[in-house]
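Source file: input.cif; contents: mmCIF, C-alpha atoms and all ligand atoms.
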```cif
data_start
loop_
_atom_site.label_atom_id
_atom_site.label_comp_id
_atom_site.auth_asym_id
_atom_site.auth_seq_id
_atom_site.Cartn_x
_atom_site.Cartn_y
_atom_site.Cartn_z
CA MET A 29 199.87 -60.13 104.80
CA THR A 30 202.72 -59.13 102.50
CA ARG A 31 202.83 -60.11 98.83
CA GLU A 32 205.65 -62.49 99.63
CA GLU A 33 203.62 -64.22 102.36
CA LEU A 34 200.62 -64.52 100.07
CA ARG A 35 202.81 -65.90 97.27
CA THR A 36 204.25 -68.52 99.62
CA ASP A 37 200.79 -69.45 100.92
CA ILE A 38 199.52 -69.92 97.38
CA ALA A 39 202.51 -72.08 96.41
CA ILE A 40 201.97 -74.28 99.49
CA ILE A 41 198.24 -74.63 98.86
CA LEU A 42 198.75 -75.50 95.17
CA ASP A 43 201.40 -78.04 96.13
CA ARG A 44 199.16 -79.65 98.76
CA ALA A 45 196.45 -80.12 96.13
CA ARG A 46 198.91 -81.63 93.68
CA LYS A 47 200.29 -84.08 96.24
CA ARG A 48 196.72 -85.24 96.90
CA THR A 49 196.00 -85.53 93.17
CA SER A 50 199.18 -87.57 92.71
CA LEU A 51 198.28 -89.94 95.53
CA LEU A 52 194.82 -90.50 94.09
CA THR A 53 196.15 -91.16 90.58
CA GLU A 54 199.33 -93.12 91.37
CA THR A 55 197.89 -95.72 93.73
CA VAL A 56 196.03 -97.61 90.99
CA SER A 57 197.31 -99.10 87.72
CA ASP A 58 197.24 -97.12 84.47
CA GLU A 59 194.60 -99.52 83.24
CA GLU A 60 192.39 -98.71 86.20
CA LEU A 61 193.00 -95.00 85.75
CA CYS A 62 191.35 -95.25 82.35
CA ALA A 63 188.47 -97.47 83.49
CA GLN A 64 185.06 -96.30 84.55
CA HIS A 65 184.06 -97.56 88.00
CA SER A 66 180.53 -96.18 87.79
CA PRO A 67 178.54 -94.34 85.11
CA LEU A 68 178.26 -91.54 87.69
CA MET A 69 181.99 -90.94 87.65
CA SER A 70 184.67 -90.00 85.14
CA PRO A 71 187.71 -92.21 84.67
CA LEU A 72 190.38 -90.87 87.04
CA VAL A 73 192.56 -89.97 84.06
CA TRP A 74 189.86 -87.55 82.87
CA ASP A 75 189.80 -85.76 86.24
CA LEU A 76 193.59 -85.53 86.16
CA ALA A 77 193.83 -83.79 82.78
CA HIS A 78 190.69 -81.71 83.49
CA ILE A 79 192.43 -80.35 86.61
CA GLY A 80 195.37 -79.31 84.42
CA ASN A 81 193.11 -77.86 81.72
CA GLN A 82 191.18 -75.62 84.16
CA GLU A 83 194.49 -74.48 85.61
CA GLU A 84 195.77 -73.70 82.11
CA LEU A 85 192.61 -71.78 81.13
CA TRP A 86 192.48 -69.53 84.18
CA LEU A 87 196.06 -69.15 85.34
CA VAL A 88 198.28 -69.66 82.29
CA ARG A 89 196.08 -68.05 79.62
CA ASP A 90 193.64 -65.70 81.38
CA LEU A 91 195.51 -64.35 84.40
CA GLY A 92 199.04 -64.95 83.04
CA GLY A 93 198.32 -63.89 79.44
CA ARG A 94 200.60 -66.69 78.22
CA GLU A 95 200.40 -68.83 75.10
CA PRO A 96 198.18 -71.92 75.34
CA VAL A 97 199.87 -75.21 76.25
CA ARG A 98 197.31 -77.55 74.65
CA LYS A 99 194.51 -75.54 73.06
CA ASP A 100 193.52 -78.67 71.13
CA ILE A 101 192.24 -80.50 74.22
CA ASP A 102 189.96 -77.82 75.71
CA GLU A 103 186.85 -79.42 74.30
CA LEU A 104 187.71 -82.92 75.60
CA TYR A 105 187.98 -81.66 79.17
CA ASP A 106 185.00 -79.32 79.14
CA ALA A 107 182.58 -80.93 81.61
CA PHE A 108 179.62 -79.50 79.70
CA GLN A 109 180.60 -81.07 76.35
CA HIS A 110 180.62 -84.68 77.49
CA PRO A 111 178.51 -86.38 80.15
CA ARG A 112 180.51 -88.46 82.61
CA ALA A 113 179.22 -91.76 81.24
CA SER A 114 180.66 -91.03 77.76
CA ARG A 115 184.11 -89.88 78.89
CA PRO A 116 185.93 -93.27 78.72
CA GLN A 117 185.21 -93.42 74.95
CA LEU A 118 186.91 -90.07 74.26
CA PRO A 119 190.43 -89.89 72.83
CA LEU A 120 191.76 -88.79 76.23
CA LEU A 121 195.39 -88.13 77.09
CA SER A 122 197.05 -91.32 78.32
CA PRO A 123 198.08 -91.45 81.99
CA SER A 124 201.66 -90.49 81.19
CA GLU A 125 200.59 -87.70 78.80
CA ALA A 126 198.17 -86.39 81.43
CA ARG A 127 200.89 -86.42 84.10
CA GLY A 128 203.26 -84.58 81.80
CA TYR A 129 200.55 -82.06 80.89
CA VAL A 130 199.65 -81.14 84.47
CA ARG A 131 203.36 -80.80 85.30
CA THR A 132 203.99 -78.47 82.35
CA VAL A 133 200.99 -76.35 83.28
CA ARG A 134 202.04 -76.16 86.93
CA ASP A 135 205.58 -75.07 86.03
CA LYS A 136 204.14 -72.18 84.01
CA VAL A 137 201.70 -71.31 86.80
CA LEU A 138 204.51 -70.99 89.35
CA ASP A 139 206.22 -68.61 86.95
CA VAL A 140 202.98 -66.63 86.55
CA LEU A 141 202.71 -66.52 90.35
CA ASP A 142 206.16 -64.92 90.51
CA HIS A 143 205.46 -62.31 87.83
CA THR A 144 201.81 -61.30 88.22
CA PRO A 145 200.44 -58.72 90.63
CA LEU A 146 198.18 -60.26 93.27
CA TYR A 147 195.86 -57.25 93.26
CA GLY A 148 194.35 -54.77 90.82
CA THR A 149 191.60 -56.80 89.10
CA PRO A 150 188.82 -58.99 90.50
CA LEU A 151 190.59 -62.10 89.17
CA SER A 152 193.96 -61.17 90.64
CA ASP A 153 192.91 -59.56 93.93
CA HIS A 154 194.41 -61.43 96.87
CA GLY A 155 195.34 -64.15 94.36
CA PHE A 156 191.66 -65.05 93.81
CA ALA A 157 192.24 -67.02 90.60
CA PHE A 158 194.91 -69.14 92.31
CA GLY A 159 192.53 -69.79 95.21
CA MET A 160 189.73 -70.71 92.83
CA ILE A 161 191.99 -73.17 90.99
CA ALA A 162 193.30 -74.72 94.22
CA GLN A 163 189.69 -75.22 95.32
CA HIS A 164 188.82 -76.68 91.93
CA GLU A 165 191.65 -79.23 92.15
CA GLN A 166 190.66 -80.17 95.70
CA GLN A 167 187.00 -80.54 94.67
CA HIS A 168 188.07 -83.00 91.99
CA ASP A 169 190.30 -84.72 94.55
CA GLU A 170 187.19 -85.33 96.62
CA THR A 171 185.36 -86.58 93.53
CA MET A 172 188.30 -88.88 92.77
CA LEU A 173 188.16 -90.13 96.36
CA ALA A 174 184.50 -91.04 95.75
CA THR A 175 185.65 -92.92 92.62
CA HIS A 176 188.17 -94.82 94.77
CA GLN A 177 185.34 -95.74 97.13
CA LEU A 178 183.30 -97.08 94.19
CA ARG A 179 186.12 -99.15 92.73
CA ARG A 180 186.33 -102.88 93.42
CA GLY A 181 189.41 -104.76 94.52
CA SER A 182 191.79 -104.47 97.40
CA ALA A 183 192.57 -101.24 99.20
CA ALA A 184 194.67 -98.69 97.30
CA LEU A 185 194.55 -95.86 99.85
CA HIS A 186 195.53 -96.04 103.50
CA ALA A 187 195.22 -93.57 106.37
CA ALA A 188 195.32 -93.50 110.15
CA PRO A 189 191.98 -93.89 111.95
CA PRO A 190 190.37 -90.65 113.16
CA PRO A 191 190.70 -89.66 116.83
CA PRO A 192 188.32 -91.38 119.28
CA LYS A 193 185.46 -89.68 121.07
CA SER A 194 186.69 -87.30 123.75
CA ALA A 195 183.41 -85.61 124.73
CA ALA A 196 179.88 -86.91 125.24
CA VAL A 197 177.75 -85.11 122.68
CA GLY A 198 173.99 -85.39 122.38
CA GLY A 199 170.74 -83.48 122.34
CA GLU A 200 170.08 -80.16 120.67
CA ALA A 201 171.13 -76.53 120.82
CA VAL A 202 168.45 -73.83 120.59
CA VAL A 203 169.31 -70.88 118.38
CA PRO A 204 167.19 -67.84 119.24
CA ALA A 205 165.15 -65.97 116.62
CA GLY A 206 166.81 -63.01 114.94
CA PRO A 207 168.87 -61.84 112.03
CA PHE A 208 172.38 -62.93 111.14
CA GLU A 209 174.75 -62.16 108.32
CA MET A 210 174.67 -64.99 105.76
CA GLY A 211 177.28 -65.33 103.02
CA THR A 212 180.27 -63.06 102.63
CA SER A 213 181.46 -60.06 100.65
CA SER A 214 184.93 -60.02 102.17
CA ASP A 215 186.33 -63.55 102.31
CA PRO A 216 188.95 -63.22 99.56
CA TRP A 217 188.63 -66.74 98.12
CA ALA A 218 184.87 -67.18 98.63
CA LEU A 219 183.30 -68.34 95.38
CA ASP A 220 180.52 -66.50 93.56
CA ASN A 221 177.60 -68.41 95.10
CA GLU A 222 178.74 -67.52 98.66
CA ARG A 223 178.36 -63.81 97.84
CA PRO A 224 177.20 -61.22 98.71
CA ALA A 225 176.80 -61.00 102.49
CA HIS A 226 173.16 -60.29 103.36
CA ASN A 227 171.04 -60.21 106.50
CA VAL A 228 168.62 -63.07 107.00
CA HIS A 229 166.02 -63.34 109.76
CA VAL A 230 165.85 -66.88 111.11
CA ASP A 231 163.05 -67.98 113.45
CA ALA A 232 164.03 -69.80 116.64
CA PHE A 233 165.08 -73.36 115.91
CA ALA A 234 166.73 -76.32 117.58
CA ILE A 235 169.55 -78.19 115.85
CA ALA A 236 171.18 -81.47 116.83
CA ARG A 237 174.60 -81.11 118.43
CA ALA A 238 175.81 -84.03 116.30
CA PRO A 239 175.07 -85.56 112.92
CA VAL A 240 172.80 -88.64 112.82
CA THR A 241 174.86 -91.75 113.57
CA ASN A 242 174.93 -95.20 112.00
CA GLY A 243 173.40 -96.62 115.18
CA GLU A 244 170.44 -94.23 114.92
CA TYR A 245 170.12 -95.00 111.23
CA ILE A 246 170.00 -98.75 111.95
CA GLU A 247 167.06 -98.09 114.29
CA PHE A 248 165.28 -96.34 111.43
CA ILE A 249 165.90 -99.33 109.16
CA GLY A 250 164.76 -101.74 111.90
CA ASP A 251 161.58 -99.75 112.41
CA GLY A 252 160.59 -100.20 108.77
CA GLY A 253 161.92 -96.86 107.61
CA TYR A 254 162.40 -98.10 104.06
CA SER A 255 158.95 -99.68 103.80
CA ARG A 256 156.70 -96.94 105.23
CA SER A 257 155.69 -94.70 102.34
CA GLY A 258 154.26 -92.12 104.75
CA LEU A 259 157.78 -91.21 105.89
CA TRP A 260 158.91 -90.33 102.37
CA SER A 261 158.14 -87.48 100.00
CA GLU A 262 156.37 -88.53 96.81
CA ALA A 263 159.59 -88.15 94.78
CA GLY A 264 161.58 -89.89 97.50
CA TRP A 265 159.24 -92.87 97.64
CA ALA A 266 159.24 -93.22 93.85
CA HIS A 267 163.03 -93.21 93.90
CA ARG A 268 163.23 -95.62 96.83
CA ASN A 269 161.11 -98.07 94.82
CA ALA A 270 162.76 -97.55 91.43
CA SER A 271 166.23 -98.06 92.94
CA ASP A 272 165.17 -100.61 95.56
CA LEU A 273 166.85 -98.71 98.39
CA THR A 274 167.05 -100.63 101.68
CA ALA A 275 170.15 -99.19 103.41
CA PRO A 276 172.95 -96.66 102.80
CA LEU A 277 175.15 -97.26 99.79
CA PHE A 278 177.95 -99.81 100.46
CA TRP A 279 176.05 -101.50 103.35
CA ARG A 280 175.05 -105.19 103.64
CA GLN A 281 173.39 -107.12 106.43
CA ASP A 282 174.59 -110.63 107.35
CA SER A 283 172.32 -113.53 108.29
CA ASP A 284 172.65 -112.64 111.98
CA GLY A 285 171.33 -109.16 111.28
CA VAL A 286 174.70 -107.43 111.69
CA TRP A 287 175.42 -104.55 109.31
CA TRP A 288 178.70 -104.46 107.35
CA ARG A 289 180.10 -101.87 105.01
CA ARG A 290 182.70 -101.69 102.28
CA ARG A 291 185.07 -98.76 102.75
CA PHE A 292 188.00 -98.12 100.41
CA GLY A 293 188.57 -101.81 99.76
CA LEU A 294 188.01 -102.99 103.35
CA VAL A 295 184.95 -104.76 104.66
CA GLU A 296 184.12 -103.96 108.28
CA GLU A 297 181.26 -103.90 110.74
CA VAL A 298 179.35 -100.62 110.62
CA PRO A 299 180.57 -98.52 113.60
CA LEU A 300 177.52 -97.40 115.52
CA ASP A 301 178.63 -94.00 116.80
CA GLU A 302 180.04 -92.60 113.56
CA PRO A 303 177.93 -90.19 111.46
CA VAL A 304 176.03 -92.04 108.75
CA VAL A 305 177.41 -91.42 105.25
CA HIS A 306 176.37 -92.32 101.69
CA VAL A 307 172.70 -91.49 102.11
CA SER A 308 170.65 -89.47 99.64
CA PHE A 309 168.63 -86.37 100.44
CA HIS A 310 165.48 -88.51 100.14
CA GLU A 311 166.72 -90.95 102.79
CA ALA A 312 167.75 -88.07 105.08
CA GLU A 313 164.30 -86.53 104.73
CA ALA A 314 162.53 -89.83 105.48
CA PHE A 315 164.70 -90.38 108.56
CA ALA A 316 163.90 -86.88 109.80
CA ARG A 317 160.16 -87.47 109.45
CA TRP A 318 160.52 -90.81 111.27
CA ALA A 319 162.33 -89.02 114.10
CA GLY A 320 159.63 -86.34 114.34
CA LYS A 321 162.11 -83.71 113.16
CA ARG A 322 163.15 -82.12 109.87
CA LEU A 323 166.33 -81.21 108.04
CA PRO A 324 167.74 -77.75 108.75
CA THR A 325 167.34 -75.07 106.13
CA GLU A 326 170.56 -73.78 104.65
CA ALA A 327 170.19 -70.50 106.60
CA GLU A 328 169.68 -72.41 109.86
CA TRP A 329 172.76 -74.50 109.19
CA GLU A 330 174.88 -71.42 108.50
CA LYS A 331 173.56 -69.53 111.52
CA ALA A 332 174.35 -72.53 113.74
CA ALA A 333 177.84 -72.69 112.23
CA ARG A 334 178.79 -68.99 112.15
CA TRP A 335 176.68 -66.84 114.45
CA ASP A 336 178.46 -65.73 117.60
CA PRO A 337 175.84 -65.17 120.34
CA THR A 338 178.20 -62.88 122.28
CA THR A 339 178.92 -60.37 119.51
CA GLY A 340 176.16 -61.15 116.99
CA ARG A 341 178.88 -61.39 114.32
CA SER A 342 179.17 -64.15 111.74
CA ARG A 343 182.52 -65.93 111.93
CA ARG A 344 184.37 -68.03 109.39
CA TYR A 345 184.02 -71.35 111.25
CA PRO A 346 182.06 -72.67 114.25
CA TRP A 347 185.11 -72.24 116.53
CA GLY A 348 186.05 -68.75 115.31
CA ASP A 349 188.09 -67.30 112.47
CA GLU A 350 191.25 -69.39 112.85
CA ALA A 351 192.07 -71.96 110.17
CA PRO A 352 190.96 -75.56 110.66
CA SER A 353 193.50 -77.82 112.35
CA ALA A 354 193.69 -81.54 113.00
CA GLU A 355 192.20 -80.88 116.47
CA ARG A 356 189.22 -78.94 115.15
CA ALA A 357 187.92 -80.90 112.18
CA ASN A 358 188.20 -84.11 110.22
CA LEU A 359 189.19 -82.72 106.81
CA GLY A 360 191.73 -83.25 104.07
CA GLN A 361 191.60 -87.03 103.58
CA ARG A 362 193.77 -87.24 106.69
CA HIS A 363 191.43 -90.07 107.71
CA LEU A 364 189.36 -92.11 105.29
CA GLN A 365 186.14 -92.15 107.32
CA PRO A 366 184.04 -89.85 109.50
CA ALA A 367 185.14 -89.64 113.14
CA THR A 368 183.00 -90.79 116.05
CA VAL A 369 180.57 -88.21 117.38
CA GLY A 370 182.37 -86.25 120.12
CA ALA A 371 185.83 -86.57 118.57
CA TYR A 372 186.26 -82.82 117.94
CA PRO A 373 185.26 -80.77 121.02
CA ALA A 374 187.75 -78.08 119.91
CA GLY A 375 185.68 -77.60 116.76
CA ALA A 376 182.33 -76.98 118.47
CA SER A 377 180.35 -73.75 118.07
CA PRO A 378 179.68 -71.44 121.04
CA LEU A 379 176.22 -73.03 121.39
CA GLY A 380 177.81 -76.49 121.54
CA VAL A 381 177.09 -77.79 118.06
CA HIS A 382 179.79 -80.27 117.04
CA GLN A 383 181.33 -81.47 113.79
CA LEU A 384 179.61 -78.97 111.52
CA ILE A 385 182.84 -78.72 109.53
CA GLY A 386 184.36 -81.98 108.30
CA ASP A 387 183.33 -85.64 108.74
CA VAL A 388 180.27 -85.65 106.42
CA TRP A 389 178.61 -83.15 104.09
CA GLU A 390 175.19 -82.34 105.56
CA TRP A 391 172.04 -82.24 103.45
CA THR A 392 169.87 -79.18 103.99
CA SER A 393 166.26 -78.74 102.85
CA THR A 394 167.13 -75.73 100.66
CA HIS A 395 167.24 -75.66 96.86
CA PHE A 396 170.43 -74.26 95.33
CA ARG A 397 169.81 -70.66 94.25
CA GLY A 398 171.72 -67.40 94.07
CA TYR A 399 171.71 -65.03 97.04
CA PRO A 400 170.05 -61.61 96.55
CA GLY A 401 172.44 -59.60 94.39
CA PHE A 402 174.24 -62.70 93.05
CA ARG A 403 176.53 -62.14 90.06
CA TYR A 404 178.41 -64.98 88.49
CA PHE A 405 182.16 -64.73 88.75
CA PRO A 406 184.22 -65.50 86.84
CA TYR A 407 182.09 -67.96 84.85
CA ALA A 408 178.40 -68.90 84.89
CA GLU A 409 179.11 -72.63 84.63
CA TYR A 410 180.55 -72.89 88.14
CA SER A 411 177.25 -72.40 89.92
CA GLU A 412 174.69 -70.20 88.17
CA VAL A 413 173.69 -72.83 85.61
CA PHE A 414 172.74 -75.15 88.50
CA PHE A 415 170.39 -72.71 90.25
CA GLY A 416 166.79 -73.93 90.46
CA THR A 417 164.90 -76.78 92.05
CA ALA A 418 166.93 -79.75 90.77
CA HIS A 419 169.61 -79.63 93.47
CA ARG A 420 169.71 -79.39 97.26
CA VAL A 421 172.42 -77.60 99.19
CA LEU A 422 174.95 -79.51 101.29
CA ARG A 423 177.13 -77.81 103.89
CA GLY A 424 180.21 -78.32 106.00
CA GLY A 425 182.56 -80.54 104.02
CA SER A 426 183.56 -84.13 104.70
CA PHE A 427 186.67 -86.07 105.68
CA GLY A 428 187.42 -85.97 101.94
CA THR A 429 187.38 -82.15 101.67
CA ASP A 430 190.53 -80.05 101.94
CA GLU A 431 190.39 -77.01 104.20
CA VAL A 432 190.87 -74.63 101.25
CA ALA A 433 187.59 -75.90 99.81
CA VAL A 434 185.29 -75.46 102.82
CA ARG A 435 184.30 -72.76 105.34
CA GLY A 436 181.14 -71.63 107.12
CA THR A 437 179.89 -69.93 103.96
CA PHE A 438 180.82 -72.68 101.47
CA ARG A 439 177.93 -74.10 99.46
CA ASN A 440 177.90 -77.51 97.81
CA TRP A 441 174.94 -78.91 95.89
CA ASP A 442 173.80 -82.17 94.35
CA TYR A 443 170.80 -84.09 93.09
CA PRO A 444 168.57 -85.42 95.88
CA VAL A 445 169.22 -89.03 94.77
CA ARG A 446 173.02 -88.86 95.00
CA ARG A 447 174.68 -91.30 97.43
CA GLN A 448 178.27 -91.78 96.25
CA ILE A 449 179.25 -88.41 97.76
CA PHE A 450 180.34 -88.32 101.41
CA ALA A 451 177.01 -86.99 102.65
CA GLY A 452 175.08 -87.46 105.88
CA PHE A 453 172.82 -85.07 107.76
CA ARG A 454 171.72 -83.67 111.10
CA LEU A 455 168.25 -82.96 112.43
CA ALA A 456 166.49 -79.72 113.31
CA ARG A 457 163.07 -78.55 114.42
CA ASP A 458 161.16 -75.32 115.06
CA ALA A 459 161.65 -74.00 118.60
CA GLU A 460 159.86 -71.57 120.87
CA GLN A 461 161.60 -68.22 121.23
CA ASP A 462 162.11 -68.66 124.99
CA GLU A 463 162.86 -72.35 124.81
CA ASN A 464 166.03 -73.35 126.56
CA ILE A 465 167.33 -76.85 126.94
C1 LIG A 501 180.76 -77.88 93.81
C2 LIG A 501 181.22 -80.21 93.98
C3 LIG A 501 179.17 -79.45 93.00
O1 LIG A 501 182.14 -81.30 91.32
O2 LIG A 501 180.23 -80.81 90.44
C4 LIG A 501 184.24 -79.05 89.85
C5 LIG A 501 182.60 -78.59 91.76
N1 LIG A 501 182.74 -77.58 89.42
N2 LIG A 501 184.42 -78.62 88.60
C6 LIG A 501 181.21 -80.52 91.12
C7 LIG A 501 183.18 -78.42 90.37
C8 LIG A 501 183.51 -77.72 88.32
C9 LIG A 501 181.23 -79.13 91.76
N3 LIG A 501 180.61 -79.17 93.13
FE FE A 502 185.84 -79.31 87.23
#
```
Please go through the file and, once you have read it, give me the structure as structure tokens.
Amino acid sequence: MTREELRTDIAIILDRARKRTSLLTETVSDEELCAQHSPLMSPLVWDLAHIGNQEELWLVRDLGGREPVRKDIDELYDAFQHPRASRPQLPLLSPSEARGYVRTVRDKVLDVLDHTPLYGTPLSDHGFAFGMIAQHEQQHDETMLATHQLRRGSAALHAAPPPPKSAAVGGEAVVPAGPFEMGTSSDPWALDNERPAHNVHVDAFAIARAPVTNGEYIEFIGDGGYSRSGLWSEAGWAHRNASDLTAPLFWRQDSDGVWWRRRFGLVEEVPLDEPVVHVSFHEAEAFARWAGKRLPTEAEWEKAARWDPTTGRSRRYPWGDEAPSAERANLGQRHLQPATVGAYPAGASPLGVHQLIGDVWEWTSTHFRGYPGFRYFPYAEYSEVFFGTAHRVLRGGSFGTDEVAVRGTFRNWDYPVRRQIFAGFRLARDAEQDENI
């Protein structure tokens, strides 16, 4: 790729993120932009200016070496200075000030893009800092989408429905025992926690070809899944009781026993063959025990998503190295819901595992930690400060994730009680080495 092609790619990717940010912040009133829809979330106007502030810090000041635009607001938009619940009380930029700020920053960034080498330092190589900032904006766009889902009132966002099922998908794929390369040292925009590439031995395992569906989840509920303590971990059961969990977030059952959900301002019957979404790690784990299975480990998930049985090589996506497309995965807020199981045969892995990328983030059983040889880059607060046992890893991205912000190596993480994120799960189990189904 020439410098000119890379420059154009970066400009397109930054612009795509900004169009998404604009849509998410221009479809509600200024009053709503400043309101808090849940103590778990920032007001949308905080996300907006925080996006601009991160872009200013890394691209205008650090990479570009330019004068600060608004040095005075750094502290307000530092996620570590103020917990989300306290952000509405801060003297934040107004919606129009925030819009003007992000525009000013972006104008300077496009100038930096034209005048900075895209190689020569770790931050500049292959435009890494631009890629990091595009991913950061898209991550907040997904967070803002979750805020939209939490808000009350009539629909503000609209999108076409996802494609219908075009393949019958069920059962499991068996992945044979052996090593595979996990993580990456060469993907130019991979973030610090995806690095470095390292070999991992994975015992033989079976993994579901599809995520768990709403219909399957309703069976779990109907079979007393939420009232049988033996299905839950100790922490999960304590949380189930403290929060009185009885169904996924945004679900309600009518007097005839039919399940309904609220989705971006619409109320609709729960579609049975769509992957379940808005469940916590604890609920996923209880379901798996009920089904006589378990959640995949993070390494199992990545091997299922990347390992090519013909060459033994790890690829970027389940279908190969080519970029995601509308035929391969439900990404990018193109649709505002997961697609039916079987809607993306073109996105399946060689072993026939479907919808690993897109639709719903998938909970794994693995705590979020650094890979062997991990070094934070460029700042410890992106991922290193979250390493430990408090978070579980999620993989694969959701319908709310842009393609720049997900790949076979991408690692997301959250608290095991979180449900407002677009998370579901798929099942796995140990397998015999010679098992074939
Ligand atoms: C990677 C989604 C866990 O939103 O908390 C955004 C991404 N980090 N700004 C988050 C992030 C700093 C992060 N997740
Ligand atoms: Fe952020």
So how far away is atom CA of A:Gln448 from atom CA of A:Glu302, in Å?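 Value for the atom CA of A:Glu302-atom CA of A:Gln448 distance: 17.4 Å.
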Counting all atoms listed in the file, which of A:Gly360, A:Arg446, A:Ser124, A:Ser152 gets nearest to A:Pro276?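 The shortest atom-to-atom distance to A:Pro276 comes from A:Arg446.
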Residues within 9 Å of ligand LIG 501 (chain A) (only C-alpha atoms and all ligand atoms), as a ChimeraX atom specification? /A:78-79,82,107,163-168,170-171,409-411,414,439-442
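Excluding A:Asp336 and any residue on its chain fewer than 2 positions from it, the residues at most 10 Å away by all atoms listed in the file are Phe208, Lys331, Ala332, Ala333, Arg334, Thr338, Thr339, Gly340, Arg341, Ser342, Arg343, Pro346, Trp347, Gly348, Ser377, Pro378 and Leu379 of chain A.
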Atom CA of A:Leu173 to atom CA of A:Arg280 measures 21.3 Å
Residue neighbourhood A:Glu355, 9 Å, all atoms listed in the file, exclusion window fewer than 2 positions, as a list in words: Pro191, Pro352, Ser353, Ala357, Asn358, Ala371, Tyr372, Pro373, Ala374 and Gly375 of chain A
Is it possible to get the residues within 10 Å of (181.0, -94.6, 95.8) (coordinates as in the file, counting all atoms listed in the file) written as a list in words?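 Residues with an atom at most 10 Å from (181.0, -94.6, 95.8): His65, Ser66, Leu68, Met69, Thr171, Met172, Leu173, Ala174, Thr175, His176, Gln177, Leu178, Arg179, Leu277, Phe278, Arg290, Arg291, Phe292, His306, Arg446, Arg447, Gln448, Ile449 and Phe450 of chain A.
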May I ask for the distance between atom CA of A:Thr149 and atom CA of A:Arg344, given in Å to one decimal place?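 Separation between atom CA of A:Thr149 and atom CA of A:Arg344: 24.3 Å.
For the choices A:Leu76, A:Ala456, A:Ala195, A:Val56, the atom-to-atom distance to A:Gly370 is smallest for A:Ala195 when using only C-alpha atoms.
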Residue nearest ligand FE 502 (chain A) among A:Asp75, A:Asp251, A:Asp284, A:Glu313 (counting only C-alpha atoms and all ligand atoms): A:Asp75
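Residue nearest A:Arg268 within the list A:Arg131, A:Ser214, A:Thr368, A:Pro444: A:Pro444 [criterion: smallest interatomic distance, all atoms listed in the file].
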For a quick check of understanding, using all atoms listed in the file, which of A:Ser393, A:Thr274, A:Ser70, A:Gln117 has the smallest distance to ligand FE 502 (chain A)? A:Ser70
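Surrounding residues of (197.2, -67.5, 84.6) at most 9 Å away are Glu83, Glu84, Leu85, Trp86, Leu87, Val88, Arg89, Asp90, Leu91, Gly92, Gly93, Arg94, Lys136, Val137, Val140, Leu141, Thr144, Ala157 and Phe158 of chain A (based on all atoms listed in the file).
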So which residues touch A:Asp106 within 10 Å, counting all atoms listed in the file, skipping near sequence neighbours fewer than 3 positions away, as a list of chain:residue names? A:His78, A:Asn81, A:Gln82, A:Ile101, A:Asp102, A:Glu103, A:Gln109, A:His110, A:Pro111
